[in-house]
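Listing of protein.txt; format and content: compact mmCIF, C-alpha atoms.
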# COMPACT_ATOMS: atom_id res chain seq x y z
CA MET A 1 -28.99 1.08 -27.23
CA GLU A 2 -25.97 2.93 -25.88
CA LEU A 3 -23.62 1.18 -23.49
CA THR A 4 -22.06 3.42 -20.88
CA ALA A 5 -20.21 2.71 -17.67
CA SER A 6 -22.27 3.14 -14.58
CA PRO A 7 -21.28 5.92 -12.16
CA ARG A 8 -20.75 3.27 -9.47
CA ARG A 9 -18.19 1.40 -11.60
CA LEU A 10 -16.25 4.58 -12.36
CA THR A 11 -16.16 5.50 -8.68
CA GLY A 12 -15.03 1.98 -7.75
CA THR A 13 -12.16 2.11 -10.23
CA ARG A 14 -11.17 5.59 -9.09
CA ASP A 15 -11.22 4.41 -5.47
CA ALA A 16 -9.07 1.40 -6.36
CA ASP A 17 -6.60 3.66 -8.19
CA GLY A 18 -6.40 5.89 -5.12
CA MET A 19 -5.77 2.85 -2.93
CA ALA A 20 -2.95 1.75 -5.23
CA VAL A 21 -1.25 5.14 -5.00
CA ALA A 22 -1.81 5.34 -1.22
CA SER A 23 -0.32 1.86 -0.84
CA PHE A 24 2.80 2.92 -2.75
CA VAL A 25 3.22 6.10 -0.70
CA LEU A 26 2.65 4.35 2.64
CA GLY A 27 5.09 1.61 1.73
CA LEU A 28 7.73 4.12 0.68
CA VAL A 29 7.36 6.26 3.81
CA GLY A 30 7.23 3.11 5.93
CA LEU A 31 10.79 2.27 4.96
CA LEU A 32 11.88 5.31 6.95
CA VAL A 33 9.40 5.71 9.81
CA MET A 34 6.64 3.77 11.57
CA ASN A 35 7.07 0.63 9.48
CA ILE A 36 5.20 -1.41 12.08
CA PHE A 37 1.99 0.45 11.09
CA LEU A 38 2.62 1.61 7.54
CA GLY A 39 3.85 -1.74 6.20
CA PRO A 40 0.67 -3.67 6.98
CA ALA A 41 -1.47 -0.71 5.84
CA ALA A 42 0.37 -0.66 2.49
CA ILE A 43 -0.12 -4.41 2.09
CA ALA A 44 -3.85 -4.17 2.89
CA LEU A 45 -4.46 -1.24 0.53
CA ALA A 46 -2.51 -2.92 -2.28
CA GLY A 47 -4.53 -6.10 -1.84
CA LEU A 48 -7.82 -4.21 -1.93
CA ALA A 49 -6.76 -2.21 -4.97
CA LEU A 50 -5.77 -5.36 -6.86
CA TRP A 51 -8.95 -7.13 -5.80
CA ARG A 52 -11.08 -4.21 -7.04
CA GLY A 53 -9.29 -4.17 -10.39
CA THR A 54 -7.25 -0.99 -10.28
CA GLY A 55 -5.95 0.55 -13.46
CA ARG A 56 -2.69 1.22 -11.62
CA ARG A 57 -1.74 -2.40 -11.13
CA GLY A 58 2.00 -1.69 -11.20
CA ARG A 59 1.68 0.94 -8.50
CA ALA A 60 -0.33 -1.47 -6.34
CA LEU A 61 2.27 -4.20 -6.80
CA LEU A 62 5.03 -1.76 -5.85
CA GLY A 63 3.04 -0.81 -2.75
CA LEU A 64 2.67 -4.48 -1.90
CA GLY A 65 6.40 -5.08 -2.32
CA LEU A 66 7.30 -1.99 -0.27
CA GLY A 67 4.89 -3.04 2.49
CA VAL A 68 6.58 -6.43 2.68
CA ALA A 69 9.99 -4.70 2.64
CA ASP A 70 8.84 -2.54 5.57
CA LEU A 71 8.17 -5.66 7.61
CA VAL A 72 11.50 -7.20 6.57
CA VAL A 73 13.33 -4.04 7.68
CA LEU A 74 11.39 -4.11 10.95
CA ALA A 75 12.37 -7.74 11.54
CA ALA A 76 16.02 -6.98 10.77
CA VAL A 77 16.09 -4.03 13.17
CA MET A 78 14.32 -6.03 15.87
CA SER A 79 16.77 -8.92 15.56
CA ALA A 80 19.76 -6.56 15.53
CA ASP A 81 18.98 -4.71 18.75
CA GLY A 82 16.08 -6.59 20.32
CA THR A 83 13.63 -3.67 20.27
CA VAL A 84 10.74 -2.54 18.12
CA SER A 85 12.10 1.00 17.81
CA TRP A 86 14.74 2.56 15.63
CA SER A 87 17.87 3.73 17.41
CA LEU A 88 19.94 6.21 15.46
CA GLY A 89 22.48 6.80 18.20
CA GLY A 90 25.28 4.47 19.17

What is this file in structure tokens?
Amino acid sequence: MELTASPRRLTGTRDADGMAVASFVLGLVGLLVMNIFLGPAAIALAGLALWRGTGRRGRALLGLGLGVADLVVLAAVMSADGTVSWSLGG
């Protein structure tokens, strides 16, 4: 009797790996723009990837950390100028 991985399991792992990478990318981009949307998205994707057992656990954890950092940056900017938007001008 030969034991092989089911196609469903391989697809699930591949999906989780993709979520881990997407979480990292969204968290990284979120540090610069649209952190109010990209931070929570990065956190959600990282959580799903970790829950599904991704092979890219480190990438998912980085995405989680960057998503949290996005929200910290957002809170700092909001407390500094009292708005939800970035203001580059003086």

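In this structure, atom CA of Gly30 of chain A sits 5.9 Å away from atom CA of Asp70 of chain A.
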
Mind giving me the axis-aligned box for segment 35-38 of chain A with 3 Å on every side, centre plus edges in Å to one decimal, as AutoDock Vina command-line options?
--center_x 4.5 --center_y 0.1 --center_z 9.8 --size_x 11.1 --size_y 9.0 --size_z 10.5

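Atom CA of Gly67 of chain A is found 11.5 Å from atom CA of Met34 of chain A.
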
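When all atoms listed in the file are used to measure the gap to Ile36 of chain A, the shortest distance among A:Leu74, A:Leu64, A:Ala49, A:Ala16 belongs to A:Leu74.
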
(request) Write out as a PyMOL selection string each polymer residue whose atoms come within 12 Å of Arg57 of chain A, counting all atoms listed in the file; drop sequence neighbours fewer than 4 positions from it. (result) chain A and resi 13+16-21+23-24+46-53+61-64

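Note that atom CA of Asn35 of chain A and atom CA of Ser79 of chain A are 14.9 Å apart.
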
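Of the residues under consideration (A:Thr54, A:Ala42, A:Ala75, A:Gly82), A:Ala42 shows the shortest atom-to-atom contact distance to Val29 of chain A when counting only C-alpha atoms.
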
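Residue nearest Val77 of chain A within the list A:Ala60, A:Ala44, A:Leu32, A:Leu38: A:Leu32 [criterion: smallest interatomic distance, all atoms listed in the file].
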